[in-house]
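K.L.:
mmCIF, C-alpha atoms and all ligand atoms, saved as query.cif, coming up:
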```
data_input
loop_
_atom_site.label_atom_id
_atom_site.label_comp_id
_atom_site.auth_asym_id
_atom_site.auth_seq_id
_atom_site.Cartn_x
_atom_site.Cartn_y
_atom_site.Cartn_z
CA MET A 1 118.35 108.52 65.34
CA SER A 2 114.78 109.77 64.99
CA ASP A 3 113.37 112.79 66.74
CA PHE A 4 110.92 112.67 69.62
CA GLU A 5 107.24 113.39 69.27
CA HIS A 6 106.67 116.88 70.66
CA ALA A 7 103.34 118.46 69.80
CA SER A 8 102.87 122.17 70.38
CA VAL A 9 99.15 121.78 71.02
CA VAL A 10 98.10 118.90 73.27
CA LEU A 11 94.54 117.97 74.23
CA CYS A 12 94.50 116.36 77.69
CA PRO A 13 91.73 113.81 78.24
CA ALA A 14 89.01 115.44 80.42
CA GLY A 15 91.40 118.34 80.99
CA PRO A 16 92.83 121.46 79.41
CA MET A 17 94.53 122.12 76.10
CA LEU A 18 98.27 122.64 76.48
CA LEU A 19 99.89 125.29 74.31
CA ARG A 20 103.64 125.37 73.92
CA GLY A 21 105.32 128.61 72.99
CA LYS A 22 104.01 132.14 72.64
CA HIS A 23 100.36 132.64 71.76
CA GLU A 24 97.71 135.31 71.94
CA ILE A 25 94.26 134.06 72.82
CA LEU A 26 91.16 136.05 71.99
CA ASP A 27 88.46 135.21 74.56
CA ALA A 28 84.70 135.23 74.07
CA ASP A 29 84.51 138.86 75.25
CA GLY A 30 87.06 140.01 72.71
CA LYS A 31 89.89 140.34 75.22
CA VAL A 32 93.38 139.22 74.27
CA HIS A 33 95.41 137.08 76.71
CA ARG A 34 99.11 136.45 76.10
CA THR A 35 100.85 133.29 77.23
CA VAL A 36 103.74 133.95 79.64
CA ARG A 37 105.02 130.41 80.30
CA PRO A 38 106.85 127.82 78.22
CA VAL A 39 103.59 125.82 78.36
CA SER A 40 100.13 127.17 79.14
CA ALA A 41 96.90 125.30 79.89
CA VAL A 42 93.71 126.61 78.30
CA CYS A 43 90.46 125.61 80.00
CA MET A 44 88.36 123.29 77.86
CA CYS A 45 85.72 122.34 80.46
CA GLY A 46 84.31 125.87 80.67
CA ARG A 47 84.33 125.92 84.48
CA SER A 48 87.60 127.63 85.29
CA ALA A 49 87.48 130.79 87.40
CA ILE A 50 90.54 132.22 85.62
CA LYS A 51 89.57 131.70 81.99
CA PRO A 52 91.00 131.36 79.46
CA TRP A 53 93.46 129.44 81.69
CA CYS A 54 92.73 126.14 83.40
CA ASP A 55 92.59 126.30 87.22
CA GLY A 56 92.19 122.59 87.90
CA THR A 57 88.41 122.73 88.34
CA HIS A 58 87.98 120.03 85.68
CA ARG A 59 89.36 117.56 88.23
CA LEU A 60 86.39 118.17 90.51
CA LEU A 61 84.04 117.52 87.64
CA SER A 62 85.68 114.24 86.72
CA ALA A 63 85.91 113.18 90.37
CA GLY A 64 82.15 113.64 90.80
CA ALA A 65 82.31 117.23 92.08
CA ARG A 66 84.37 116.17 95.09
CA ASP A 67 85.61 119.10 97.13
CA ASP A 68 88.07 117.31 99.35
CA GLU A 69 91.41 117.49 97.67
CA PRO A 70 93.95 115.67 99.82
CA THR A 71 96.74 118.13 100.33
CA GLY A 72 97.53 121.74 100.60
CA MET B 73 122.03 129.55 111.69
CA LEU B 74 121.93 125.92 112.75
CA PRO B 75 118.58 124.82 114.16
CA LYS B 76 118.12 124.18 117.86
CA SER B 77 118.85 120.59 118.81
CA ARG B 78 115.92 118.32 119.62
CA GLY B 79 117.71 115.47 121.36
CA THR B 80 121.10 113.94 122.10
CA LEU B 81 121.99 113.13 118.50
CA SER B 82 121.17 116.54 117.06
CA ALA B 83 122.97 118.20 119.98
CA ALA B 84 126.12 116.15 119.32
CA VAL B 85 125.96 116.67 115.56
CA PHE B 86 125.38 120.41 115.72
CA THR B 87 128.31 120.78 118.12
CA ALA B 88 130.47 118.71 115.76
CA LEU B 89 129.38 120.81 112.78
CA GLN B 90 130.73 123.89 114.49
CA SER B 91 133.97 122.35 115.77
CA GLY B 92 134.68 120.11 112.78
CA ALA B 93 135.29 117.13 115.10
CA THR B 94 132.96 114.70 113.35
CA ALA B 95 134.73 111.37 113.85
CA ASP B 96 132.83 109.78 116.74
CA LEU B 97 129.21 110.44 115.90
CA VAL B 98 126.85 107.46 116.17
CA PRO B 99 123.47 107.55 114.37
CA ALA B 100 121.41 106.71 117.45
CA PRO B 101 118.65 109.33 117.61
CA GLU B 102 116.68 109.76 120.79
CA SER B 103 113.40 110.29 118.93
CA GLU B 104 111.90 110.73 115.49
CA GLU B 105 112.19 114.46 115.92
CA ASP B 106 115.86 114.19 116.90
CA ALA B 107 116.50 112.10 113.76
CA GLN B 108 114.58 114.41 111.41
CA VAL B 109 116.16 117.66 112.56
CA THR B 110 119.62 116.10 112.30
CA LEU B 111 118.92 114.83 108.82
CA TRP B 112 117.46 118.19 107.82
CA ALA B 113 120.63 120.01 108.91
CA LEU B 114 122.89 117.49 107.17
CA TYR B 115 120.93 117.92 103.94
CA GLU B 116 121.05 121.67 104.32
CA LEU B 117 124.83 121.50 103.93
CA HIS B 118 124.12 120.66 100.26
CA TYR B 119 121.76 123.63 99.75
CA ARG B 120 122.75 126.88 101.44
CA GLY B 121 124.83 125.63 104.37
CA PHE B 122 125.20 127.55 107.63
CA ASP B 123 127.38 130.56 108.39
CA GLU B 124 128.95 128.85 111.38
CA VAL B 125 129.75 125.58 109.55
CA ASP B 126 132.84 125.05 107.39
CA PRO B 127 131.57 124.49 103.80
CA ASP B 128 134.12 121.71 103.41
CA LEU B 129 132.04 119.55 105.77
CA GLU B 130 129.47 119.07 103.00
CA TRP B 131 131.55 116.09 101.84
CA ASP B 132 132.92 115.00 105.21
CA PRO B 133 132.94 111.17 105.16
CA ASP B 134 131.96 110.85 108.82
CA LEU B 135 128.94 113.10 108.34
CA LEU B 136 128.00 111.27 105.15
CA ARG B 137 128.17 107.94 107.00
CA LEU B 138 125.94 109.32 109.72
CA ARG B 139 123.52 110.75 107.17
CA ARG B 140 123.37 107.41 105.39
CA GLY B 141 122.35 105.69 108.63
CA LEU B 142 119.53 108.17 109.22
CA GLU B 143 118.41 107.94 105.60
CA ARG B 144 118.24 104.15 105.78
CA SER B 145 115.88 104.23 108.76
CA PHE B 146 113.79 106.98 107.17
CA GLU B 147 113.49 105.16 103.84
CA THR B 148 112.60 101.91 105.61
CA GLU B 149 109.79 103.69 107.44
CA LEU B 150 108.50 105.33 104.24
CA ARG B 151 108.50 101.95 102.50
CA ARG B 152 106.73 100.33 105.44
CA ARG B 153 103.92 102.89 105.17
CA TRP B 154 103.72 102.38 101.42
CA ASP B 155 103.62 98.59 101.79
CA ALA B 156 100.74 98.92 104.26
CA SER B 157 98.71 101.24 102.01
CA PRO B 158 95.71 100.00 100.00
CA LEU B 159 96.89 102.44 97.30
CA ARG B 160 99.50 99.85 96.34
CA GLU B 161 96.69 98.33 94.29
CA ALA B 162 96.20 101.53 92.25
CA GLY B 163 96.79 100.89 88.55
CA GLU B 164 97.89 104.25 87.22
CA LEU B 165 99.62 107.10 88.98
CA THR B 166 96.45 109.20 88.58
CA ASP B 167 94.39 106.46 90.27
CA LEU B 168 96.77 106.58 93.22
CA ILE B 169 96.55 110.38 93.46
CA ASP B 170 92.76 110.47 93.07
CA GLY B 171 92.37 107.55 95.46
CA HIS B 172 94.26 109.18 98.31
CA ASP B 173 92.09 110.78 100.91
CA GLY B 174 93.21 112.89 103.81
CA PRO B 175 92.44 115.97 105.84
CA SER B 176 92.82 119.28 103.98
CA LEU B 177 94.56 122.24 105.57
CA ALA B 178 93.72 124.36 102.52
CA ARG B 179 90.00 123.88 103.00
CA PHE B 180 90.35 124.80 106.65
CA VAL B 181 92.25 127.97 105.73
CA GLN B 182 89.68 128.81 103.08
CA ARG B 183 86.73 128.63 105.47
CA LYS B 184 87.63 128.74 109.13
CA ALA B 185 91.25 129.34 110.09
CA ASP B 186 92.11 132.47 112.04
CA ARG B 187 95.00 134.79 111.31
CA GLU B 188 97.39 133.22 113.83
CA GLN B 189 96.78 129.74 112.45
CA VAL B 190 97.48 130.91 108.91
CA LEU B 191 100.66 132.68 109.99
CA GLU B 192 101.79 129.46 111.64
CA ILE B 193 101.20 127.50 108.43
CA LEU B 194 103.09 130.12 106.39
CA ARG B 195 106.08 129.91 108.75
CA HIS B 196 106.09 126.12 108.44
CA ARG B 197 105.66 126.24 104.68
CA SER B 198 108.49 128.74 104.31
CA LEU B 199 110.95 125.93 104.92
CA TYR B 200 110.00 124.43 101.58
CA HIS B 201 108.71 127.40 99.60
CA LEU B 202 111.98 129.29 99.99
CA LYS B 203 113.72 126.45 98.17
CA GLU B 204 110.79 125.27 96.13
CA ALA B 205 111.81 122.99 93.24
CA ASP B 206 115.45 122.91 94.36
CA PRO B 207 115.33 119.27 95.59
CA THR B 208 113.82 118.19 92.27
CA SER B 209 116.57 119.95 90.35
CA TRP B 210 119.07 117.39 91.70
CA VAL B 211 117.31 114.83 89.50
CA VAL B 212 117.83 116.57 86.16
CA PRO B 213 121.29 115.18 85.25
CA ARG B 214 120.07 111.66 86.07
CA LEU B 215 117.41 111.55 83.37
CA ASP B 216 117.39 110.65 79.70
CA THR B 217 116.48 113.11 76.97
CA ARG B 218 112.77 112.42 76.69
CA VAL B 219 112.13 112.89 80.42
CA LYS B 220 114.68 115.60 81.03
CA ALA B 221 113.18 118.08 78.53
CA PRO B 222 109.65 118.24 80.00
CA LEU B 223 110.98 118.30 83.57
CA MET B 224 113.10 121.32 82.62
CA GLU B 225 110.06 122.88 80.98
CA ILE B 226 108.33 122.88 84.39
CA LEU B 227 111.38 123.77 86.46
CA PHE B 228 112.09 126.74 84.21
CA ASP B 229 108.60 128.01 85.01
CA GLU B 230 109.14 127.40 88.75
CA TYR B 231 112.31 129.45 88.49
CA GLY B 232 110.49 132.39 86.92
CA ASP B 233 111.08 131.74 83.19
CA GLY B 234 114.31 133.69 83.40
CA ASP B 235 112.76 136.58 85.33
CA PRO B 236 114.00 136.69 88.96
CA ASN B 237 110.88 138.65 89.93
CA ARG B 238 108.69 135.72 88.95
CA LEU B 239 110.84 133.05 90.58
CA HIS B 240 108.59 131.23 93.04
CA HIS B 241 110.93 131.60 96.04
CA HIS B 242 110.89 135.33 95.40
CA LEU B 243 107.09 135.49 95.14
CA PHE B 244 106.80 133.67 98.46
CA ARG B 245 109.39 135.92 100.07
CA ARG B 246 107.45 139.01 98.93
CA GLY B 247 104.32 137.49 100.42
CA LEU B 248 106.05 136.75 103.74
CA GLU B 249 107.44 140.24 103.91
CA ALA B 250 104.08 141.86 103.17
CA ALA B 251 102.52 139.65 105.87
CA GLY B 252 105.09 140.91 108.39
CA LEU B 253 107.10 137.68 108.56
CA ARG B 254 110.83 137.10 108.24
CA THR B 255 112.16 136.10 104.85
CA ASP B 256 115.62 134.64 105.36
CA HIS B 257 116.27 131.08 104.31
CA ALA B 258 115.00 128.48 106.81
CA CYS B 259 114.62 131.09 109.56
CA TYR B 260 111.59 129.31 111.01
CA VAL B 261 113.09 125.83 111.21
CA ASP B 262 112.88 125.75 115.01
CA GLU B 263 109.11 126.12 114.80
CA ALA B 264 108.68 123.35 112.27
CA PRO B 265 106.96 120.26 113.63
CA VAL B 266 108.49 116.89 112.89
CA GLU B 267 105.97 116.35 110.06
CA VAL B 268 107.31 119.40 108.21
CA LEU B 269 110.91 118.28 108.66
CA ALA B 270 109.96 114.85 107.30
CA LEU B 271 108.25 116.43 104.26
CA ASN B 272 111.38 118.36 103.45
CA ASN B 273 113.71 115.46 104.15
CA ALA B 274 111.77 113.11 101.89
CA LEU B 275 112.27 115.54 99.00
CA SER B 276 116.01 115.71 99.61
CA LEU B 277 116.29 111.94 100.08
CA PHE B 278 114.57 111.28 96.74
CA GLY B 279 116.38 114.10 94.99
CA LEU B 280 119.89 113.23 96.10
CA HIS B 281 119.88 109.49 95.33
CA ARG B 282 119.97 108.47 91.68
CA ARG B 283 118.49 105.12 92.75
CA LEU B 284 115.39 107.01 93.94
CA ARG B 285 114.98 109.35 90.95
CA GLY B 286 111.67 107.64 90.11
CA ALA B 287 110.40 108.48 93.59
CA ALA B 288 111.48 112.10 93.12
CA LEU B 289 109.48 112.27 89.88
CA GLY B 290 106.44 110.55 91.43
CA HIS B 291 106.59 112.92 94.38
CA PHE B 292 106.83 115.91 92.06
CA ALA B 293 103.85 114.79 89.96
CA ALA B 294 101.69 114.12 93.02
CA PHE B 295 102.62 117.49 94.49
CA GLU B 296 101.75 119.36 91.29
CA ALA B 297 98.56 117.37 90.73
CA THR B 298 97.23 118.25 94.18
CA SER B 299 98.21 121.89 94.16
CA SER B 300 95.86 123.96 91.96
CA ILE B 301 92.66 123.52 93.90
CA PRO B 302 94.22 123.82 97.38
CA SER B 303 96.14 126.88 96.16
CA ARG B 304 92.87 128.51 95.20
CA GLN B 305 91.41 127.65 98.61
CA LEU B 306 94.47 129.12 100.33
CA ALA B 307 94.24 132.31 98.26
CA GLN B 308 90.56 132.65 99.17
CA GLY B 309 91.33 132.11 102.87
CA LEU B 310 94.12 134.68 102.79
CA ARG B 311 91.78 137.22 101.19
CA ARG B 312 89.03 136.37 103.67
CA LEU B 313 91.47 137.21 106.47
CA GLU B 314 92.62 140.34 104.65
CA PHE B 315 96.23 139.28 104.22
CA PRO B 316 98.20 141.51 101.85
CA ASP B 317 97.70 140.75 98.21
CA GLU B 318 101.33 139.66 97.68
CA MET B 319 100.68 136.56 99.81
CA ALA B 320 97.48 135.61 98.02
CA ALA B 321 99.19 136.34 94.69
CA TYR B 322 101.73 133.62 95.40
CA TYR B 323 98.91 131.11 95.58
CA ASP B 324 97.12 132.64 92.56
CA GLU B 325 100.28 131.98 90.57
CA HIS B 326 100.19 128.35 91.70
CA VAL B 327 96.58 127.87 90.67
CA GLU B 328 97.54 128.75 87.11
CA ALA B 329 101.05 127.35 86.96
CA ASP B 330 100.31 124.03 88.62
CA SER B 331 97.36 123.32 86.32
CA VAL B 332 99.99 123.22 83.59
CA HIS B 333 102.69 121.50 85.64
CA GLU B 334 100.29 118.75 86.67
CA GLN B 335 99.62 117.77 83.08
CA VAL B 336 103.24 117.88 82.02
CA ALA B 337 104.49 116.10 85.17
CA LEU B 338 101.99 113.26 84.87
CA ARG B 339 102.08 112.74 81.12
CA ASP B 340 105.40 113.88 79.78
CA VAL B 341 107.62 113.33 82.81
CA CYS B 342 106.28 110.32 84.74
CA GLY B 343 104.48 108.80 81.75
CA ALA B 344 107.61 108.88 79.60
CA PHE B 345 109.87 107.78 82.47
CA LEU B 346 107.67 104.73 83.13
CA GLU B 347 107.47 103.87 79.45
CA GLU B 348 111.24 103.85 79.28
CA ASN B 349 111.75 102.27 82.72
CA PRO B 350 108.76 100.01 83.41
CA SER B 351 110.53 98.36 86.37
CA GLU B 352 110.53 101.73 88.18
CA ARG B 353 106.77 101.75 88.62
CA ASP B 354 106.84 100.89 92.30
CA THR B 355 109.46 103.54 93.04
CA VAL B 356 107.46 106.24 91.21
CA HIS B 357 104.34 105.25 93.13
CA LEU B 358 106.27 105.19 96.41
CA GLY B 359 107.29 108.79 95.76
CA ALA B 360 103.76 109.92 94.92
CA PHE B 361 102.31 108.14 97.94
CA THR B 362 104.96 109.60 100.24
CA CYS B 363 104.12 113.12 99.09
CA LEU B 364 100.40 112.67 99.77
CA ASP B 365 100.92 110.73 102.99
CA LEU B 366 103.37 113.20 104.56
CA GLU B 367 101.13 116.14 103.60
CA ALA B 368 98.18 114.38 105.20
CA ARG B 369 100.20 113.70 108.37
CA TYR B 370 101.12 117.37 108.60
CA ALA B 371 97.50 118.46 108.06
CA HIS B 372 96.33 115.96 110.67
CA ALA B 373 98.90 117.17 113.21
CA MET B 374 97.93 120.82 112.78
CA LEU B 375 94.17 120.23 112.80
CA THR B 376 94.58 118.09 115.94
CA GLN B 377 96.71 120.76 117.60
CA TRP B 378 93.99 123.33 116.94
CA GLY B 379 91.26 120.97 118.10
CA VAL B 380 89.62 120.89 114.69
CA SER B 381 89.50 117.20 113.85
S1 LIG A 401 89.99 122.37 81.82
FE1 LIG A 401 90.87 122.69 83.73
S2 LIG A 401 89.49 124.00 84.67
FE2 LIG A 401 88.59 123.72 82.74
#
```
Using structure tokens, write down the structure from this file.
P.N.:
Amino acid sequence: MSDFEHASVVLCPAGPMLLRGKHEILDADGKVHRTVRPVSAVCMCGRSAIKPWCDGTHRLLSAGARDDEPTG
Amino acid sequence: MLPKSRGTLSAAVFTALQSGATADLVPAPESEEDAQVTLWALYELHYRGFDEVDPDLEWDPDLLRLRRGLERSFETELRRRWDASPLREAGELTDLIDGHDGPSLARFVQRKADREQVLEILRHRSLYHLKEADPTSWVVPRLDTRVKAPLMEILFDEYGDGDPNRLHHHLFRRGLEAAGLRTDHACYVDEAPVEVLALNNALSLFGLHRRLRGAALGHFAAFEATSSIPSRQLAQGLRRLEFPDEMAAYYDEHVEADSVHEQVALRDVCGAFLEENPSERDTVHLGAFTCLDLEARYAHAMLTQWGVS
């Protein structure tokens, strides 16, 4: 039986980069951020308010800057 | 404590739960609310139970028969709504989620809600947030390897990554406490409108039936995929109203965590599940739609009650 594909770095189309496992990320200001979850999402669109992490803002960009998310 | 009854059926069932005389119950609710509160209490036997109810009644055949009757009507209604939705035409799960439109409570909290309105929402939400992820955990043993692993990856994070202080129920409880609210399990059930009971019951219905595991996964993915941005709006609203930081911190955590969970739930959980079980597509979409639809009904009910929409 073959193993399953299980990448530790995953680029999501029009979304963040997923990192599996422990990492330390050096941001543009020289500050180090440690991952605390089994998987972390690093912002790739540049618009997150909690960089280096993704906060879902990329969805608004791809949905034409819509600000009317359905639930909450 | 058992909830207050909301009609003849719930009154009869709650009496029977305390006496143990369950033989003659007939699933004929007086109203939607009567049905939902009864179903909620019957499901609760499988979570934390009630002090005044014999734990053995969890598997009482008469109660299970009654529950089955209520579940059948509920599922029929959920399927009727799904059948009537234009979102049935959506190709991918993400198209369905992006295509759904409904009123947003989070945006209202962010910009306009007053303190009392936010406290009311928090009391309603406590019904779910104090057992967040628990209904989805029923699904785990019903999945194959490739789907089970990523689902556990997310659930582990929901349960605090091994640290009880980061467990999401605990974060919410700390927020409630700091906001001056009660923190015991389901203590605000009597305040919950029928829409909130239905939200919670749908999760248990999908979670407890292996046949509906696809709907549980679809529901989970839709919930996670529509959480980050509203969580940020809620955190902003809480700070605008000067709620204690513990409450806003709960939503901050969800901005970050659910950005991850969304990706994993859509791609690795639902994507893999559908690849392995292509015939489950409609069930997965039913679950996602039900999540969005029931949330929208709750938002609509509250905004109408407050005269906002
Ligand atoms: S990639 Fe998600 S906010 Fe930037």
K.L.:
My list of candidates is B:His372, B:His257, B:Arg304, B:Arg120. Which is closest to ligand LIG 401 (chain A) when distances are computed with only C-alpha atoms and all ligand atoms?
P.N.:
B:Arg304
K.L.:
Within 12 Å of ligand LIG 401 (chain A), which residues of chain A come that close, and what is the closest atom pair and distance in Å for each? Count only C-alpha atoms and all ligand atoms and give it as a tab-separated table.
P.N.:
```
residue	atom	partner	partner_atom	distance
A:Leu11	CA	A:LIG401	S1	9.9
A:Cys12	CA	A:LIG401	S1	8.6
A:Pro13	CA	A:LIG401	S1	9.4
A:Ala14	CA	A:LIG401	S1	7.1
A:Gly15	CA	A:LIG401	S1	4.3
A:Pro16	CA	A:LIG401	S1	3.8
A:Met17	CA	A:LIG401	S1	7.3
A:Leu18	CA	A:LIG401	S1	9.9
A:Ser40	CA	A:LIG401	FE1	11.3
A:Ala41	CA	A:LIG401	FE1	7.6
A:Val42	CA	A:LIG401	S1	6.6
A:Cys43	CA	A:LIG401	S1	3.7
A:Met44	CA	A:LIG401	S1	4.4
A:Cys45	CA	A:LIG401	FE2	3.9
A:Gly46	CA	A:LIG401	FE2	5.2
A:Arg47	CA	A:LIG401	FE2	5.1
A:Ser48	CA	A:LIG401	S2	4.1
A:Ala49	CA	A:LIG401	S2	7.6
A:Ile50	CA	A:LIG401	S2	8.3
A:Lys51	CA	A:LIG401	FE2	8.1
A:Pro52	CA	A:LIG401	FE2	8.7
A:Trp53	CA	A:LIG401	S2	7.4
A:Cys54	CA	A:LIG401	FE1	3.9
A:Asp55	CA	A:LIG401	S2	4.6
A:Gly56	CA	A:LIG401	FE1	4.4
A:Thr57	CA	A:LIG401	S2	4.0
A:His58	CA	A:LIG401	S2	4.4
A:Arg59	CA	A:LIG401	FE1	7.0
A:Leu60	CA	A:LIG401	S2	8.8
A:Leu61	CA	A:LIG401	S2	9.0
A:Ser62	CA	A:LIG401	FE1	10.4
```
K.L.:
Could the residues in this selection be saved with C-alpha atoms as a PDB file, in the frame of the given file?
P.N.:
```pdb
ATOM      1  CA  LEU A  11      94.540 117.970  74.230  1.00  0.00           C
ATOM      2  CA  CYS A  12      94.500 116.360  77.690  1.00  0.00           C
ATOM      3  CA  PRO A  13      91.730 113.810  78.240  1.00  0.00           C
ATOM      4  CA  ALA A  14      89.010 115.440  80.420  1.00  0.00           C
ATOM      5  CA  GLY A  15      91.400 118.340  80.990  1.00  0.00           C
ATOM      6  CA  PRO A  16      92.830 121.460  79.410  1.00  0.00           C
ATOM      7  CA  MET A  17      94.530 122.120  76.100  1.00  0.00           C
ATOM      8  CA  LEU A  18      98.270 122.640  76.480  1.00  0.00           C
ATOM      9  CA  SER A  40     100.130 127.170  79.140  1.00  0.00           C
ATOM     10  CA  ALA A  41      96.900 125.300  79.890  1.00  0.00           C
ATOM     11  CA  VAL A  42      93.710 126.610  78.300  1.00  0.00           C
ATOM     12  CA  CYS A  43      90.460 125.610  80.000  1.00  0.00           C
ATOM     13  CA  MET A  44      88.360 123.290  77.860  1.00  0.00           C
ATOM     14  CA  CYS A  45      85.720 122.340  80.460  1.00  0.00           C
ATOM     15  CA  GLY A  46      84.310 125.870  80.670  1.00  0.00           C
ATOM     16  CA  ARG A  47      84.330 125.920  84.480  1.00  0.00           C
ATOM     17  CA  SER A  48      87.600 127.630  85.290  1.00  0.00           C
ATOM     18  CA  ALA A  49      87.480 130.790  87.400  1.00  0.00           C
ATOM     19  CA  ILE A  50      90.540 132.220  85.620  1.00  0.00           C
ATOM     20  CA  LYS A  51      89.570 131.700  81.990  1.00  0.00           C
ATOM     21  CA  PRO A  52      91.000 131.360  79.460  1.00  0.00           C
ATOM     22  CA  TRP A  53      93.460 129.440  81.690  1.00  0.00           C
ATOM     23  CA  CYS A  54      92.730 126.140  83.400  1.00  0.00           C
ATOM     24  CA  ASP A  55      92.590 126.300  87.220  1.00  0.00           C
ATOM     25  CA  GLY A  56      92.190 122.590  87.900  1.00  0.00           C
ATOM     26  CA  THR A  57      88.410 122.730  88.340  1.00  0.00           C
ATOM     27  CA  HIS A  58      87.980 120.030  85.680  1.00  0.00           C
ATOM     28  CA  ARG A  59      89.360 117.560  88.230  1.00  0.00           C
ATOM     29  CA  LEU A  60      86.390 118.170  90.510  1.00  0.00           C
ATOM     30  CA  LEU A  61      84.040 117.520  87.640  1.00  0.00           C
ATOM     31  CA  SER A  62      85.680 114.240  86.720  1.00  0.00           C
TER      32      SER A  62
END
```
K.L.:
Check the smallest atom-to-atom distance from each of A:Ile25, A:Met1, A:Val10, A:Val39 to chain B using all atoms listed in the file, then report the winner.
P.N.:
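Counting all atoms listed in the file, the residue closest to chain B is A:Val39.
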K.L.:
Which residues of chain B are close to chain A, meaning at most 10 Å apart when you count only C-alpha atoms, and how do they look as number ranges by chain?
P.N.:
B: 169-181, 217-218, 222, 225-226, 228-230, 232-233, 294-295, 297-306, 324, 326-336, 339-340, 363-371
K.L.:
Quick one: pull the distance between CA of Asp186 (chain B) and CA of Ala307 (chain B), Å, one decimal.
P.N.:
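Going from CA of Asp186 (chain B) over to CA of Ala307 (chain B) covers 13.9 Å.
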K.L.:
Select, from B:Ala205, B:Ala113, B:Leu215, B:Leu97, the residue with the minimum atom-to-atom distance to Asn349 (chain B), counting all atoms listed in the file.
P.N.:
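Going through B:Ala205, B:Ala113, B:Leu215, B:Leu97 one by one, the smallest distance to Asn349 (chain B) is for B:Leu215.
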K.L.:
What separation in Å, quoted to one decimal, exists between CA of Leu199 (chain B) and CA of Gly359 (chain B)?
P.N.:
19.8 Å
K.L.:
Leaving out Ser103 (chain B) and any residue of its chain fewer than 5 positions from it, which residues lie within 9 Å of it when counting only C-alpha atoms, given as an MDAnalysis selection string?
P.N.:
chainID B and resid 78:79 108
K.L.:
Excluding region 138-151 of chain B and residues on its chain fewer than 4 positions from it, collect all residues at most 10 Å away from it, counting only C-alpha atoms, and give them as a PyMOL selection string.
P.N.:
chain B and resi 85+94-101+104+107-108+110-115+133-134+155-157+270+273-274+277-278+355+358-359+361-362+365-366
K.L.:
Show me, as an mmCIF file with C-alpha atoms, in the coordinates of the input, the residues that have an atom within 10 Å of Arg282 (chain B) when counting all atoms listed in the file, minus same-chain residues fewer than 3 positions from it.
P.N.:
```cif
data_model
loop_
_atom_site.group_PDB
_atom_site.id
_atom_site.type_symbol
_atom_site.label_atom_id
_atom_site.label_comp_id
_atom_site.auth_asym_id
_atom_site.auth_seq_id
_atom_site.Cartn_x
_atom_site.Cartn_y
_atom_site.Cartn_z
ATOM 1 C CA TRP B 210 119.070 117.390 91.700
ATOM 2 C CA VAL B 211 117.310 114.830 89.500
ATOM 3 C CA PRO B 213 121.290 115.180 85.250
ATOM 4 C CA ARG B 214 120.070 111.660 86.070
ATOM 5 C CA LEU B 215 117.410 111.550 83.370
ATOM 6 C CA LEU B 277 116.290 111.940 100.080
ATOM 7 C CA PHE B 278 114.570 111.280 96.740
ATOM 8 C CA GLY B 279 116.380 114.100 94.990
ATOM 9 C CA ARG B 285 114.980 109.350 90.950
ATOM 10 C CA GLY B 286 111.670 107.640 90.110
ATOM 11 C CA ALA B 287 110.400 108.480 93.590
ATOM 12 C CA ALA B 288 111.480 112.100 93.120
#
```
K.L.:
In Å, rounded to a single decimal, give me how far CA of Glu164 (chain B) is from CA of Leu289 (chain B).
P.N.:
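Interatomic distance, CA of Leu289 (chain B) to CA of Glu164 (chain B): 14.3 Å.
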K.L.:
What's the 8 Å shell around region 234-249 of chain B, counting only C-alpha atoms, without same-chain residues fewer than 5 positions away, as a list in words?
P.N.:
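So, after excluding close chain neighbours, the residues are Leu194, Ser198, His201, Leu202, Lys203, Glu204, Phe228, Asp229, Arg254, Thr255, Pro316, Asp317, Glu318, Met319, Ala320, Ala321 and Tyr322 of chain B.
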